[in-house]
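Student: The structure under discussion is supplied below as structure tokens; questions concerning it will follow.
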Amino acid sequence: MAERYGAIAGAEQPSRGQAVVHPSRSEWCDVAAAARADGFDQLIDLTAVDYLTYGADRGLPDQVAPERFEVVASLMSHERRERLRMRVQVPADDPTLPTLFDLWPGSESLEREVYDMFGIVFEGHPDLSRILMPEDWPGHPLRKDYDVGQIPVQFKAASNVR
């Protein structure tokens, strides 16, 4: 698989039997489109990781500079029974990435969740709004610097009538 994506996305790192590519943010859509054209017809998952306090080795190729955030997309080719994982580094001072919605419309809710929980903006997304938290919720709860605090629980009046 390295011959198909290596030139576009840098070094390929195998992980648990899956091919892994590390495109830059500018290569993200090109690599995704090449994967789609190559038969990766399903986006299985799209999520993010905040490495703010992570100190161990992240398994990145030498030419890939680590950033605070990483967006991970898992793709599958049903015909060849292959999986491909795309890992892209996203800096904290510009947490943006182009949307994959045009290639895989099913990415719509996954990108909204990443936006809601991590604050990563997917440019070109058709409806980038919160999906889990209220619209007026301050911050992004899965960021490592998010204040844990206390959330008041509001109960409706309980009745002891049975």
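Ligands are numbered from 1 in the order shown, residues from 1 within each chain, and chains are lettered A, B, ... in the order they appear in the structure tokens.
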Apply DSSP to the structure's backbone, then extract all residues of stretch 72-113 of chain A labelled strand (DSSP E) and return them as a list in words.

Tutor: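 Strand (DSSP E) members of stretch 72-113 of chain A, listed: Val72, Ala73, Ser74, Leu75, Met76, Ser77, Glu82, Arg83, Leu84, Arg85, Met86, Arg87, Val88, Gln89, Val90, Thr96, Leu97 and Pro98 of chain A.
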
Student: Just write the chosen residues, C-alpha atoms, as a PDB file, in the first residue's frame.

Tutor:
```pdb
ATOM      1  CA  VAL A  72      -7.797  10.004  12.909  1.00  0.00           C
ATOM      2  CA  ALA A  73      -9.962   8.596  10.115  1.00  0.00           C
ATOM      3  CA  SER A  74     -10.409   4.848   9.675  1.00  0.00           C
ATOM      4  CA  LEU A  75     -11.316   3.657   6.178  1.00  0.00           C
ATOM      5  CA  MET A  76     -12.288   0.244   4.833  1.00  0.00           C
ATOM      6  CA  SER A  77     -12.201  -1.415   1.422  1.00  0.00           C
ATOM      7  CA  GLU A  82      -8.263  -3.866   3.822  1.00  0.00           C
ATOM      8  CA  ARG A  83      -8.254  -1.038   6.303  1.00  0.00           C
ATOM      9  CA  LEU A  84      -6.448   2.276   6.104  1.00  0.00           C
ATOM     10  CA  ARG A  85      -5.937   4.706   8.955  1.00  0.00           C
ATOM     11  CA  MET A  86      -5.207   8.361   8.204  1.00  0.00           C
ATOM     12  CA  ARG A  87      -3.605  10.367  11.031  1.00  0.00           C
ATOM     13  CA  VAL A  88      -3.233  14.112  10.533  1.00  0.00           C
ATOM     14  CA  GLN A  89      -1.600  16.546  12.957  1.00  0.00           C
ATOM     15  CA  VAL A  90      -3.652  19.662  13.806  1.00  0.00           C
ATOM     16  CA  THR A  96      -8.965  23.512  11.328  1.00  0.00           C
ATOM     17  CA  LEU A  97      -9.180  20.752   8.749  1.00  0.00           C
ATOM     18  CA  PRO A  98     -11.135  20.380   5.490  1.00  0.00           C
TER      19      PRO A  98
END
```

Student: As a ChimeraX atom specification, please: the residues near stretch 122-129 of chain A (cut-off 12 Å, only C-alpha atoms, same-chain neighbours under 3 positions excluded).

Tutor: /A:25,28-29,46,71,90,94-119,132-137

Student: May I have the selected residues written with N, CA and C atoms, as an mmCIF file, in the first residue's frame?

Tutor:
```cif
data_model
loop_
_atom_site.group_PDB
_atom_site.id
_atom_site.type_symbol
_atom_site.label_atom_id
_atom_site.label_comp_id
_atom_site.auth_asym_id
_atom_site.auth_seq_id
_atom_site.Cartn_x
_atom_site.Cartn_y
_atom_site.Cartn_z
ATOM 1 N N ARG A 25 -2.009 18.590 6.731
ATOM 2 C CA ARG A 25 -3.365 19.161 6.590
ATOM 3 C C ARG A 25 -3.658 19.519 5.138
ATOM 4 N N TRP A 28 -4.600 16.281 3.286
ATOM 5 C CA TRP A 28 -5.709 15.519 3.882
ATOM 6 C C TRP A 28 -6.766 15.111 2.850
ATOM 7 N N CYS A 29 -7.303 16.070 2.123
ATOM 8 C CA CYS A 29 -8.369 15.768 1.155
ATOM 9 C C CYS A 29 -7.842 14.998 -0.049
ATOM 10 N N LEU A 46 -14.185 8.536 12.553
ATOM 11 C CA LEU A 46 -13.384 9.753 12.513
ATOM 12 C C LEU A 46 -13.428 10.323 13.915
ATOM 13 N N VAL A 71 -6.255 14.215 14.248
ATOM 14 C CA VAL A 71 -7.536 13.687 13.766
ATOM 15 C C VAL A 71 -7.226 12.367 13.076
ATOM 16 N N VAL A 90 -2.910 18.399 13.847
ATOM 17 C CA VAL A 90 -3.652 19.662 13.806
ATOM 18 C C VAL A 90 -3.119 20.547 14.927
ATOM 19 N N ASP A 94 -4.370 26.802 15.297
ATOM 20 C CA ASP A 94 -5.224 26.835 14.108
ATOM 21 C C ASP A 94 -5.902 25.467 13.943
ATOM 22 N N PRO A 95 -6.841 25.133 14.847
ATOM 23 C CA PRO A 95 -7.449 23.800 14.806
ATOM 24 C C PRO A 95 -8.511 23.675 13.711
ATOM 25 N N THR A 96 -8.051 23.626 12.472
ATOM 26 C CA THR A 96 -8.965 23.512 11.328
ATOM 27 C C THR A 96 -8.496 22.391 10.413
ATOM 28 N N LEU A 97 -9.451 21.824 9.686
ATOM 29 C CA LEU A 97 -9.180 20.752 8.749
ATOM 30 C C LEU A 97 -10.312 20.742 7.736
ATOM 31 N N PRO A 98 -10.041 20.462 6.462
ATOM 32 C CA PRO A 98 -11.135 20.380 5.490
ATOM 33 C C PRO A 98 -12.060 19.190 5.798
ATOM 34 N N THR A 99 -13.320 19.343 5.494
ATOM 35 C CA THR A 99 -14.284 18.285 5.729
ATOM 36 C C THR A 99 -14.114 17.144 4.738
ATOM 37 N N LEU A 100 -14.515 15.951 5.149
ATOM 38 C CA LEU A 100 -14.540 14.793 4.260
ATOM 39 C C LEU A 100 -15.957 14.500 3.789
ATOM 40 N N PHE A 101 -16.882 15.408 4.056
ATOM 41 C CA PHE A 101 -18.298 15.197 3.765
ATOM 42 C C PHE A 101 -18.560 14.908 2.285
ATOM 43 N N ASP A 102 -17.850 15.565 1.378
ATOM 44 C CA ASP A 102 -18.087 15.349 -0.049
ATOM 45 C C ASP A 102 -17.692 13.943 -0.496
ATOM 46 N N LEU A 103 -16.725 13.336 0.191
ATOM 47 C CA LEU A 103 -16.289 11.976 -0.154
ATOM 48 C C LEU A 103 -17.115 10.919 0.568
ATOM 49 N N TRP A 104 -17.370 11.163 1.849
ATOM 50 C CA TRP A 104 -18.153 10.231 2.663
ATOM 51 C C TRP A 104 -19.187 11.043 3.439
ATOM 52 N N PRO A 105 -20.412 11.165 2.932
ATOM 53 C CA PRO A 105 -21.441 11.952 3.626
ATOM 54 C C PRO A 105 -21.686 11.500 5.065
ATOM 55 N N GLY A 106 -21.356 10.254 5.377
ATOM 56 C CA GLY A 106 -21.510 9.755 6.741
ATOM 57 C C GLY A 106 -20.576 10.404 7.736
ATOM 58 N N SER A 107 -19.612 11.191 7.255
ATOM 59 C CA SER A 107 -18.688 11.871 8.163
ATOM 60 C C SER A 107 -19.340 13.074 8.854
ATOM 61 N N GLU A 108 -20.515 13.450 8.403
ATOM 62 C CA GLU A 108 -21.181 14.662 8.909
ATOM 63 C C GLU A 108 -21.301 14.659 10.436
ATOM 64 N N SER A 109 -21.870 13.638 11.007
ATOM 65 C CA SER A 109 -22.068 13.634 12.464
ATOM 66 C C SER A 109 -20.758 13.377 13.208
ATOM 67 N N LEU A 110 -19.845 12.610 12.618
ATOM 68 C CA LEU A 110 -18.557 12.364 13.267
ATOM 69 C C LEU A 110 -17.738 13.647 13.367
ATOM 70 N N GLU A 111 -17.744 14.453 12.311
ATOM 71 C CA GLU A 111 -17.024 15.734 12.344
ATOM 72 C C GLU A 111 -17.681 16.696 13.320
ATOM 73 N N ARG A 112 -18.999 16.668 13.399
ATOM 74 C CA ARG A 112 -19.685 17.521 14.375
ATOM 75 C C ARG A 112 -19.304 17.139 15.801
ATOM 76 N N GLU A 113 -19.168 15.852 16.058
ATOM 77 C CA GLU A 113 -18.777 15.403 17.395
ATOM 78 C C GLU A 113 -17.364 15.860 17.743
ATOM 79 N N VAL A 114 -16.431 15.735 16.787
ATOM 80 C CA VAL A 114 -15.061 16.197 17.014
ATOM 81 C C VAL A 114 -15.044 17.704 17.246
ATOM 82 N N TYR A 115 -15.837 18.434 16.473
ATOM 83 C CA TYR A 115 -15.942 19.882 16.681
ATOM 84 C C TYR A 115 -16.477 20.188 18.079
ATOM 85 N N ASP A 116 -17.529 19.517 18.475
ATOM 86 C CA ASP A 116 -18.178 19.749 19.757
ATOM 87 C C ASP A 116 -17.253 19.429 20.932
ATOM 88 N N MET A 117 -16.581 18.299 20.874
ATOM 89 C CA MET A 117 -15.772 17.838 22.004
ATOM 90 C C MET A 117 -14.352 18.408 22.035
ATOM 91 N N PHE A 118 -13.764 18.704 20.854
ATOM 92 C CA PHE A 118 -12.375 19.156 20.791
ATOM 93 C C PHE A 118 -12.201 20.567 20.236
ATOM 94 N N GLY A 119 -13.213 21.109 19.579
ATOM 95 C CA GLY A 119 -13.100 22.444 19.007
ATOM 96 C C GLY A 119 -12.359 22.491 17.689
ATOM 97 N N LEU A 132 -23.597 17.118 20.788
ATOM 98 C CA LEU A 132 -23.748 16.487 22.096
ATOM 99 C C LEU A 132 -24.022 17.490 23.218
ATOM 100 N N MET A 133 -23.416 18.651 23.130
ATOM 101 C CA MET A 133 -23.554 19.668 24.176
ATOM 102 C C MET A 133 -24.534 20.746 23.712
ATOM 103 N N PRO A 134 -25.128 21.471 24.660
ATOM 104 C CA PRO A 134 -25.995 22.589 24.271
ATOM 105 C C PRO A 134 -25.211 23.636 23.474
ATOM 106 N N GLU A 135 -25.893 24.337 22.581
ATOM 107 C CA GLU A 135 -25.232 25.333 21.723
ATOM 108 C C GLU A 135 -24.457 26.383 22.511
ATOM 109 N N ASP A 136 -24.949 26.754 23.693
ATOM 110 C CA ASP A 136 -24.295 27.807 24.471
ATOM 111 C C ASP A 136 -23.280 27.261 25.474
ATOM 112 N N TRP A 137 -22.907 25.997 25.365
ATOM 113 C CA TRP A 137 -21.956 25.395 26.299
ATOM 114 C C TRP A 137 -20.575 26.010 26.098
#
```

Student: Tell me which protein, DNA and RNA residues are within 12 Å of A:Asp93, counting only C-alpha atoms, leaving out same-chain ones fewer than 6 positions away, and put them as a PyMOL selection string.

Tutor: chain A and resi 67-69+119-121

Student: As a VMD selection string, which residues of chain A does DSSP assign to alpha helix (DSSP H)?

Tutor: chain A and resid 2 to 9 28 to 37 107 to 118

Student: Deliver the residues from the most recent selection as a file, using N, CA, C and O atoms, as a compact mmCIF listing (two decimals), in the first residue's frame.

Tutor:
```txt
# COMPACT_ATOMS: atom_id res chain seq x y z
N ALA A 2 2.11 1.15 0.41
CA ALA A 2 2.99 2.31 0.46
C ALA A 2 3.13 2.96 -0.90
O ALA A 2 3.21 4.18 -1.02
N GLU A 3 3.15 2.13 -1.95
CA GLU A 3 3.30 2.69 -3.29
C GLU A 3 2.09 3.52 -3.69
O GLU A 3 2.17 4.40 -4.54
N ARG A 4 0.92 3.29 -3.09
CA ARG A 4 -0.28 4.03 -3.44
C ARG A 4 -0.39 5.37 -2.71
O ARG A 4 -0.91 6.32 -3.24
N TYR A 5 0.09 5.43 -1.47
CA TYR A 5 -0.11 6.64 -0.67
C TYR A 5 1.19 7.23 -0.11
O TYR A 5 1.20 8.35 0.34
N GLY A 6 2.27 6.49 -0.15
CA GLY A 6 3.51 6.93 0.45
C GLY A 6 4.02 8.25 -0.09
O GLY A 6 4.47 9.11 0.64
N ALA A 7 3.94 8.44 -1.40
CA ALA A 7 4.44 9.68 -2.00
C ALA A 7 3.58 10.87 -1.60
O ALA A 7 4.07 11.98 -1.47
N ILE A 8 2.30 10.64 -1.37
CA ILE A 8 1.41 11.74 -1.01
C ILE A 8 1.49 12.03 0.48
O ILE A 8 1.58 13.16 0.90
N ALA A 9 1.48 10.99 1.28
CA ALA A 9 1.26 11.16 2.71
C ALA A 9 2.46 10.86 3.58
O ALA A 9 2.31 10.68 4.77
N TRP A 28 -4.60 16.28 3.29
CA TRP A 28 -5.71 15.52 3.88
C TRP A 28 -6.77 15.11 2.85
O TRP A 28 -7.08 13.94 2.71
N CYS A 29 -7.30 16.07 2.12
CA CYS A 29 -8.37 15.77 1.16
C CYS A 29 -7.84 15.00 -0.05
O CYS A 29 -8.54 14.13 -0.58
N ASP A 30 -6.61 15.29 -0.50
CA ASP A 30 -6.04 14.58 -1.64
C ASP A 30 -5.82 13.10 -1.31
O ASP A 30 -6.12 12.22 -2.12
N VAL A 31 -5.31 12.82 -0.13
CA VAL A 31 -5.09 11.43 0.28
C VAL A 31 -6.44 10.73 0.45
O VAL A 31 -6.61 9.58 0.04
N ALA A 32 -7.41 11.42 1.06
CA ALA A 32 -8.74 10.83 1.23
C ALA A 32 -9.38 10.52 -0.12
O ALA A 32 -9.97 9.46 -0.32
N ALA A 33 -9.26 11.44 -1.08
CA ALA A 33 -9.84 11.23 -2.41
C ALA A 33 -9.13 10.08 -3.12
O ALA A 33 -9.78 9.27 -3.81
N ALA A 34 -7.81 9.98 -2.97
CA ALA A 34 -7.07 8.88 -3.58
C ALA A 34 -7.49 7.54 -2.97
O ALA A 34 -7.65 6.55 -3.67
N ALA A 35 -7.70 7.54 -1.66
CA ALA A 35 -8.15 6.31 -0.99
C ALA A 35 -9.55 5.93 -1.45
O ALA A 35 -9.84 4.76 -1.71
N ARG A 36 -10.42 6.91 -1.59
CA ARG A 36 -11.79 6.65 -2.06
C ARG A 36 -11.75 6.07 -3.48
O ARG A 36 -12.43 5.09 -3.78
N ALA A 37 -10.94 6.67 -4.35
CA ALA A 37 -10.82 6.18 -5.72
C ALA A 37 -10.18 4.79 -5.78
O ALA A 37 -10.43 4.03 -6.71
N SER A 107 -19.61 11.19 7.25
CA SER A 107 -18.69 11.87 8.16
C SER A 107 -19.34 13.07 8.85
O SER A 107 -18.77 13.62 9.79
N GLU A 108 -20.51 13.45 8.40
CA GLU A 108 -21.18 14.66 8.91
C GLU A 108 -21.30 14.66 10.44
O GLU A 108 -20.86 15.58 11.10
N SER A 109 -21.87 13.64 11.01
CA SER A 109 -22.07 13.63 12.46
C SER A 109 -20.76 13.38 13.21
O SER A 109 -20.57 13.89 14.31
N LEU A 110 -19.84 12.61 12.62
CA LEU A 110 -18.56 12.36 13.27
C LEU A 110 -17.74 13.65 13.37
O LEU A 110 -17.12 13.93 14.40
N GLU A 111 -17.74 14.45 12.31
CA GLU A 111 -17.02 15.73 12.34
C GLU A 111 -17.68 16.70 13.32
O GLU A 111 -16.99 17.46 14.00
N ARG A 112 -19.00 16.67 13.40
CA ARG A 112 -19.69 17.52 14.37
C ARG A 112 -19.30 17.14 15.80
O ARG A 112 -19.13 18.00 16.66
N GLU A 113 -19.17 15.85 16.06
CA GLU A 113 -18.78 15.40 17.39
C GLU A 113 -17.36 15.86 17.74
O GLU A 113 -17.10 16.33 18.85
N VAL A 114 -16.43 15.73 16.79
CA VAL A 114 -15.06 16.20 17.01
C VAL A 114 -15.04 17.70 17.25
O VAL A 114 -14.35 18.20 18.13
N TYR A 115 -15.84 18.43 16.47
CA TYR A 115 -15.94 19.88 16.68
C TYR A 115 -16.48 20.19 18.08
O TYR A 115 -15.94 21.03 18.80
N ASP A 116 -17.53 19.52 18.48
CA ASP A 116 -18.18 19.75 19.76
C ASP A 116 -17.25 19.43 20.93
O ASP A 116 -17.12 20.21 21.87
N MET A 117 -16.58 18.30 20.87
CA MET A 117 -15.77 17.84 22.00
C MET A 117 -14.35 18.41 22.04
O MET A 117 -13.78 18.57 23.10
N PHE A 118 -13.76 18.70 20.85
CA PHE A 118 -12.38 19.16 20.79
C PHE A 118 -12.20 20.57 20.24
O PHE A 118 -11.12 21.13 20.34
```

Student: Atom CA of A:Gly55 and atom CA of A:His22 are how many Å apart?

Tutor: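 Taking atom CA of A:Gly55 and atom CA of A:His22, their separation equals 19.8 Å.
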